[in-house]
Amino acid sequence: MNFEIHRVDVTTSTNDDVVRAAKNGAPEGYVVLAMQQKLGRGRMGRPWMSPAGNLYFSVLLKPSMPRQMWGTYSFVLAVAVGDAVKSFLPQASVELKWPNDVLVHEKKISGILLEAVDQGLVAGIGLNVLMTPDMSRCDVTSLAEEHEALPPFDNLLPTVLSHLDTWYARMNAEGFAPIRKAWEVSAYRGPLRVRLPDGRNVSGTFEGLEDDGALCLKTDKGEKEKIHSGDVFAGL
Ligand code: BTN
């Protein structure tokens with residue numbers, strides 16, 4: 001993929017910028033990188049605190065797969081960001097939590113937000129580098145908190161994009177199977193709590209990913225439950 005990087009100091013949300021660019025005919029690989037966001041968004045309409053010091057960018061993808069498979073691109077992004085984080089923190093334990101959170105020592109270091117528009121798929125990535133914004137819902141960390149030598153800030157985006165390029169090409173050429181396998185290898189295997197859209201709570205452990213990317217949970221009662229949407233928390 002050819003990446004075309006547009007760097008800005010401040011914006012509302014890089015996802016908004018890339019959605020707008022997509023509607024105006026931007027090509028695949030169009031990237032907006034912002035030093036700060038004033039209205040950064042997370043999954044389920046939550047805010048994503050975006051002070052200066054962290055990485056915030058969005059990239060326009062034009063997947064070759066049919067639209068009903070686009071949800072599985074979450075895992076492409078998660079595996080790519082996970083690989084990048086492993087390269088930044090070679091000593092750390094880096095794990096993936098469904099659907100696309102990247103954890104370091106069980107704490108969230110990155111979030112990914114996918115938004116589909118007629119012209120393609122906008123993938124927004126936030127990676128905590130120097131700042132560890134408080135998130136009431138989960139434990140959070142940053143590259144700086146993990147106490148390893150920090151890579152120069154300007155190396156972060158090219159590294160993430162290079163892993164994305166590799167995994168995205170694989171997805172387009174071979175389908176979901178290799179991505180699923182790579183995601184499963186890095187899956188967080190500790191206790192999970194899931195809040196389902198109907199308000200039910202289920203606890204269990206990761207059993208695998210389904211062909212469509214759904215989470216297969218082995219519940220504490222020993223049953224298997226297939227989860228298509230919900231809020232998943234690591235730890236007891
Ligand atoms: C989540 O874990 O809830 C997803 C967070 C996604 C945050 C990134 S930061 C860059 C891009 N712009 C946004 O407004 N959100 C995404």
# chains A, B, ... in the order shown; residues from 1 in each chain; ligands from 1

call {"tool": "residues_near_ligand", "arguments": {"ligand": "ligand 1", "cutoff": "6 Å", "atoms": "only C-alpha atoms and all ligand atoms", "output": "ChimeraX atom specification"}}
result
/A:13-15,40-43,48,56-58,111-113,124-126

call {"tool": "closest_atom_pairs", "arguments": {"of": "region 28-93 of chain A", "to": "region 221-230 of chain A", "cutoff": "12 Å", "atoms": "only C-alpha atoms", "output": "tab-separated table"}}
result
residue	atom	partner	partner_atom	distance
A:Arg43	CA	A:Gly230	CA	10.8
A:Met44	CA	A:Gly230	CA	9.6
A:Gly71	CA	A:His228	CA	10.4
A:Thr72	CA	A:His228	CA	11.5

call {"tool": "select_by_dssp", "arguments": {"residues": "region 132-226 of chain A", "states": "helix (DSSP H, G or I)", "output": "PyMOL selection string"}}
result
chain A and resi 144-146+153-174+177-185

call {"tool": "residues_around", "arguments": {"residues": "region 174-176 of chain A", "least_positions_apart": "6", "cutoff": "9 Å", "atoms": "only C-alpha atoms", "output": "list of chain:residue names"}}
result
A:Met65, A:Met69, A:Thr72, A:Tyr73, A:Phe75, A:Val76, A:Asp211, A:Asp212, A:Gly213

call {"tool": "write_last_selection", "arguments": {"atoms": "N, CA and C atoms", "output": "PDB file, in the first residue's frame"}}
result
ATOM      1  N   MET A  65     -12.139  -7.725   0.349  1.00  0.00           N
ATOM      2  CA  MET A  65     -13.148  -8.713   0.764  1.00  0.00           C
ATOM      3  C   MET A  65     -14.544  -8.113   0.752  1.00  0.00           C
ATOM      4  N   MET A  69     -17.460  -9.145   5.571  1.00  0.00           N
ATOM      5  CA  MET A  69     -16.237  -9.606   6.257  1.00  0.00           C
ATOM      6  C   MET A  69     -15.419  -8.449   6.840  1.00  0.00           C
ATOM      7  N   THR A  72     -13.815  -8.332  10.310  1.00  0.00           N
ATOM      8  CA  THR A  72     -12.619  -9.119  10.640  1.00  0.00           C
ATOM      9  C   THR A  72     -11.324  -8.307  10.434  1.00  0.00           C
ATOM     10  N   TYR A  73     -11.426  -7.144   9.777  1.00  0.00           N
ATOM     11  CA  TYR A  73     -10.237  -6.300   9.649  1.00  0.00           C
ATOM     12  C   TYR A  73      -9.797  -5.728  11.002  1.00  0.00           C
ATOM     13  N   PHE A  75      -9.138  -7.440  13.440  1.00  0.00           N
ATOM     14  CA  PHE A  75      -8.075  -8.351  13.899  1.00  0.00           C
ATOM     15  C   PHE A  75      -6.773  -8.093  13.131  1.00  0.00           C
ATOM     16  N   VAL A  76      -6.892  -7.663  11.881  1.00  0.00           N
ATOM     17  CA  VAL A  76      -5.693  -7.289  11.109  1.00  0.00           C
ATOM     18  C   VAL A  76      -5.001  -6.122  11.819  1.00  0.00           C
ATOM     19  N   ASP A 211     -15.126 -18.243  12.708  1.00  0.00           N
ATOM     20  CA  ASP A 211     -14.787 -17.864  11.325  1.00  0.00           C
ATOM     21  C   ASP A 211     -15.150 -16.421  11.009  1.00  0.00           C
ATOM     22  N   ASP A 212     -16.197 -15.926  11.673  1.00  0.00           N
ATOM     23  CA  ASP A 212     -16.633 -14.547  11.392  1.00  0.00           C
ATOM     24  C   ASP A 212     -16.030 -13.557  12.383  1.00  0.00           C
ATOM     25  N   GLY A 213     -15.108 -14.008  13.230  1.00  0.00           N
ATOM     26  CA  GLY A 213     -14.454 -13.104  14.179  1.00  0.00           C
ATOM     27  C   GLY A 213     -15.150 -13.037  15.531  1.00  0.00           C
TER      28      GLY A 213
END

call {"tool": "decode", "arguments": {"residues": "region 156-170 of chain A", "atoms": "all heavy atoms", "output": "PDB file, in the first residue's frame"}}
result
ATOM      1  N   LEU A 156       7.500   5.759  15.306  1.00  0.00           N
ATOM      2  CA  LEU A 156       6.340   4.965  15.734  1.00  0.00           C
ATOM      3  C   LEU A 156       5.381   4.707  14.578  1.00  0.00           C
ATOM      4  O   LEU A 156       5.012   3.556  14.305  1.00  0.00           O
ATOM      5  CB  LEU A 156       5.609   5.667  16.885  1.00  0.00           C
ATOM      6  CG  LEU A 156       6.431   5.911  18.152  1.00  0.00           C
ATOM      7  CD1 LEU A 156       5.644   6.764  19.133  1.00  0.00           C
ATOM      8  CD2 LEU A 156       6.829   4.597  18.807  1.00  0.00           C
ATOM      9  N   LEU A 157       4.942   5.779  13.918  1.00  0.00           N
ATOM     10  CA  LEU A 157       3.953   5.609  12.851  1.00  0.00           C
ATOM     11  C   LEU A 157       4.482   4.718  11.718  1.00  0.00           C
ATOM     12  O   LEU A 157       3.794   3.764  11.323  1.00  0.00           O
ATOM     13  CB  LEU A 157       3.501   6.978  12.325  1.00  0.00           C
ATOM     14  CG  LEU A 157       2.508   6.917  11.158  1.00  0.00           C
ATOM     15  CD1 LEU A 157       1.191   6.264  11.561  1.00  0.00           C
ATOM     16  CD2 LEU A 157       2.239   8.326  10.603  1.00  0.00           C
ATOM     17  N   PRO A 158       5.710   4.973  11.196  1.00  0.00           N
ATOM     18  CA  PRO A 158       6.197   4.086  10.124  1.00  0.00           C
ATOM     19  C   PRO A 158       6.247   2.618  10.552  1.00  0.00           C
ATOM     20  O   PRO A 158       5.955   1.717   9.751  1.00  0.00           O
ATOM     21  CB  PRO A 158       7.598   4.612   9.816  1.00  0.00           C
ATOM     22  CG  PRO A 158       7.613   6.015  10.317  1.00  0.00           C
ATOM     23  CD  PRO A 158       6.626   6.099  11.449  1.00  0.00           C
ATOM     24  N   THR A 159       6.579   2.362  11.819  1.00  0.00           N
ATOM     25  CA  THR A 159       6.650   0.964  12.266  1.00  0.00           C
ATOM     26  C   THR A 159       5.259   0.338  12.273  1.00  0.00           C
ATOM     27  O   THR A 159       5.064  -0.787  11.789  1.00  0.00           O
ATOM     28  CB  THR A 159       7.289   0.871  13.672  1.00  0.00           C
ATOM     29  OG1 THR A 159       8.558   1.494  13.619  1.00  0.00           O
ATOM     30  CG2 THR A 159       7.430  -0.560  14.147  1.00  0.00           C
ATOM     31  N   VAL A 160       4.272   1.062  12.821  1.00  0.00           N
ATOM     32  CA  VAL A 160       2.909   0.506  12.854  1.00  0.00           C
ATOM     33  C   VAL A 160       2.420   0.291  11.416  1.00  0.00           C
ATOM     34  O   VAL A 160       1.849  -0.759  11.086  1.00  0.00           O
ATOM     35  CB  VAL A 160       1.933   1.420  13.638  1.00  0.00           C
ATOM     36  CG1 VAL A 160       0.528   0.849  13.599  1.00  0.00           C
ATOM     37  CG2 VAL A 160       2.392   1.605  15.083  1.00  0.00           C
ATOM     38  N   LEU A 161       2.674   1.277  10.551  1.00  0.00           N
ATOM     39  CA  LEU A 161       2.178   1.161   9.168  1.00  0.00           C
ATOM     40  C   LEU A 161       2.851   0.006   8.433  1.00  0.00           C
ATOM     41  O   LEU A 161       2.221  -0.667   7.612  1.00  0.00           O
ATOM     42  CB  LEU A 161       2.390   2.471   8.402  1.00  0.00           C
ATOM     43  CG  LEU A 161       1.513   3.647   8.854  1.00  0.00           C
ATOM     44  CD1 LEU A 161       1.853   4.905   8.043  1.00  0.00           C
ATOM     45  CD2 LEU A 161       0.019   3.336   8.718  1.00  0.00           C
ATOM     46  N   SER A 162       4.109  -0.226   8.740  1.00  0.00           N
ATOM     47  CA  SER A 162       4.781  -1.320   8.030  1.00  0.00           C
ATOM     48  C   SER A 162       4.203  -2.685   8.447  1.00  0.00           C
ATOM     49  O   SER A 162       3.981  -3.562   7.612  1.00  0.00           O
ATOM     50  CB  SER A 162       6.286  -1.178   8.213  1.00  0.00           C
ATOM     51  OG  SER A 162       6.855  -2.344   8.666  1.00  0.00           O
ATOM     52  N   HIS A 163       3.874  -2.859   9.738  1.00  0.00           N
ATOM     53  CA  HIS A 163       3.224  -4.111  10.168  1.00  0.00           C
ATOM     54  C   HIS A 163       1.811  -4.195   9.589  1.00  0.00           C
ATOM     55  O   HIS A 163       1.359  -5.278   9.190  1.00  0.00           O
ATOM     56  CB  HIS A 163       3.177  -4.197  11.698  1.00  0.00           C
ATOM     57  CG  HIS A 163       4.523  -4.478  12.306  1.00  0.00           C
ATOM     58  ND1 HIS A 163       5.120  -5.711  12.229  1.00  0.00           N
ATOM     59  CD2 HIS A 163       5.389  -3.684  12.981  1.00  0.00           C
ATOM     60  CE1 HIS A 163       6.300  -5.663  12.848  1.00  0.00           C
ATOM     61  NE2 HIS A 163       6.484  -4.444  13.301  1.00  0.00           N
ATOM     62  N   LEU A 164       1.129  -3.060   9.516  1.00  0.00           N
ATOM     63  CA  LEU A 164      -0.221  -3.064   8.936  1.00  0.00           C
ATOM     64  C   LEU A 164      -0.153  -3.488   7.464  1.00  0.00           C
ATOM     65  O   LEU A 164      -0.959  -4.305   7.002  1.00  0.00           O
ATOM     66  CB  LEU A 164      -0.849  -1.670   9.075  1.00  0.00           C
ATOM     67  CG  LEU A 164      -2.196  -1.501   8.384  1.00  0.00           C
ATOM     68  CD1 LEU A 164      -3.237  -2.478   8.937  1.00  0.00           C
ATOM     69  CD2 LEU A 164      -2.709  -0.069   8.530  1.00  0.00           C
ATOM     70  N   ASP A 165       0.806  -2.952   6.766  1.00  0.00           N
ATOM     71  CA  ASP A 165       0.959  -3.269   5.343  1.00  0.00           C
ATOM     72  C   ASP A 165       1.117  -4.783   5.145  1.00  0.00           C
ATOM     73  O   ASP A 165       0.491  -5.393   4.278  1.00  0.00           O
ATOM     74  CB  ASP A 165       2.198  -2.527   4.829  1.00  0.00           C
ATOM     75  CG  ASP A 165       2.185  -2.381   3.325  1.00  0.00           C
ATOM     76  OD1 ASP A 165       1.076  -2.355   2.751  1.00  0.00           O
ATOM     77  OD2 ASP A 165       3.270  -2.317   2.729  1.00  0.00           O
ATOM     78  N   THR A 166       1.942  -5.392   5.996  1.00  0.00           N
ATOM     79  CA  THR A 166       2.208  -6.833   5.891  1.00  0.00           C
ATOM     80  C   THR A 166       0.934  -7.644   6.148  1.00  0.00           C
ATOM     81  O   THR A 166       0.556  -8.520   5.349  1.00  0.00           O
ATOM     82  CB  THR A 166       3.272  -7.241   6.938  1.00  0.00           C
ATOM     83  OG1 THR A 166       4.415  -6.449   6.734  1.00  0.00           O
ATOM     84  CG2 THR A 166       3.611  -8.716   6.860  1.00  0.00           C
ATOM     85  N   TRP A 167       0.244  -7.349   7.265  1.00  0.00           N
ATOM     86  CA  TRP A 167      -0.923  -8.160   7.637  1.00  0.00           C
ATOM     87  C   TRP A 167      -2.120  -7.889   6.735  1.00  0.00           C
ATOM     88  O   TRP A 167      -2.925  -8.792   6.455  1.00  0.00           O
ATOM     89  CB  TRP A 167      -1.276  -7.934   9.117  1.00  0.00           C
ATOM     90  CG  TRP A 167      -0.308  -8.631  10.030  1.00  0.00           C
ATOM     91  CD1 TRP A 167       0.652  -8.054  10.798  1.00  0.00           C
ATOM     92  CD2 TRP A 167      -0.182 -10.052  10.226  1.00  0.00           C
ATOM     93  NE1 TRP A 167       1.365  -9.031  11.480  1.00  0.00           N
ATOM     94  CE2 TRP A 167       0.870 -10.256  11.148  1.00  0.00           C
ATOM     95  CE3 TRP A 167      -0.852 -11.170   9.721  1.00  0.00           C
ATOM     96  CZ2 TRP A 167       1.265 -11.536  11.572  1.00  0.00           C
ATOM     97  CZ3 TRP A 167      -0.459 -12.438  10.139  1.00  0.00           C
ATOM     98  CH2 TRP A 167       0.575 -12.599  11.051  1.00  0.00           C
ATOM     99  N   TYR A 168      -2.235  -6.642   6.262  1.00  0.00           N
ATOM    100  CA  TYR A 168      -3.346  -6.289   5.378  1.00  0.00           C
ATOM    101  C   TYR A 168      -3.175  -7.015   4.031  1.00  0.00           C
ATOM    102  O   TYR A 168      -4.139  -7.561   3.487  1.00  0.00           O
ATOM    103  CB  TYR A 168      -3.341  -4.770   5.192  1.00  0.00           C
ATOM    104  CG  TYR A 168      -4.463  -4.229   4.348  1.00  0.00           C
ATOM    105  CD1 TYR A 168      -5.780  -4.264   4.801  1.00  0.00           C
ATOM    106  CD2 TYR A 168      -4.215  -3.648   3.102  1.00  0.00           C
ATOM    107  CE1 TYR A 168      -6.811  -3.744   4.031  1.00  0.00           C
ATOM    108  CE2 TYR A 168      -5.237  -3.126   2.338  1.00  0.00           C
ATOM    109  CZ  TYR A 168      -6.533  -3.176   2.809  1.00  0.00           C
ATOM    110  OH  TYR A 168      -7.552  -2.663   2.047  1.00  0.00           O
ATOM    111  N   ALA A 169      -1.946  -7.065   3.541  1.00  0.00           N
ATOM    112  CA  ALA A 169      -1.683  -7.764   2.276  1.00  0.00           C
ATOM    113  C   ALA A 169      -2.015  -9.246   2.436  1.00  0.00           C
ATOM    114  O   ALA A 169      -2.587  -9.884   1.545  1.00  0.00           O
ATOM    115  CB  ALA A 169      -0.223  -7.576   1.869  1.00  0.00           C
ATOM    116  N   ARG A 170      -1.687  -9.786   3.599  1.00  0.00           N
ATOM    117  CA  ARG A 170      -1.970 -11.205   3.868  1.00  0.00           C
ATOM    118  C   ARG A 170      -3.458 -11.474   3.901  1.00  0.00           C
ATOM    119  O   ARG A 170      -3.944 -12.473   3.370  1.00  0.00           O
ATOM    120  CB  ARG A 170      -1.353 -11.587   5.204  1.00  0.00           C
ATOM    121  CG  ARG A 170      -0.338 -12.663   4.921  1.00  0.00           C
ATOM    122  CD  ARG A 170       0.372 -13.173   6.006  1.00  0.00           C
ATOM    123  NE  ARG A 170       0.208 -14.632   5.947  1.00  0.00           N
ATOM    124  CZ  ARG A 170       0.660 -15.447   6.848  1.00  0.00           C
ATOM    125  NH1 ARG A 170       1.271 -14.983   7.896  1.00  0.00           N
ATOM    126  NH2 ARG A 170       0.491 -16.750   6.706  1.00  0.00           N
TER     127      ARG A 170
END
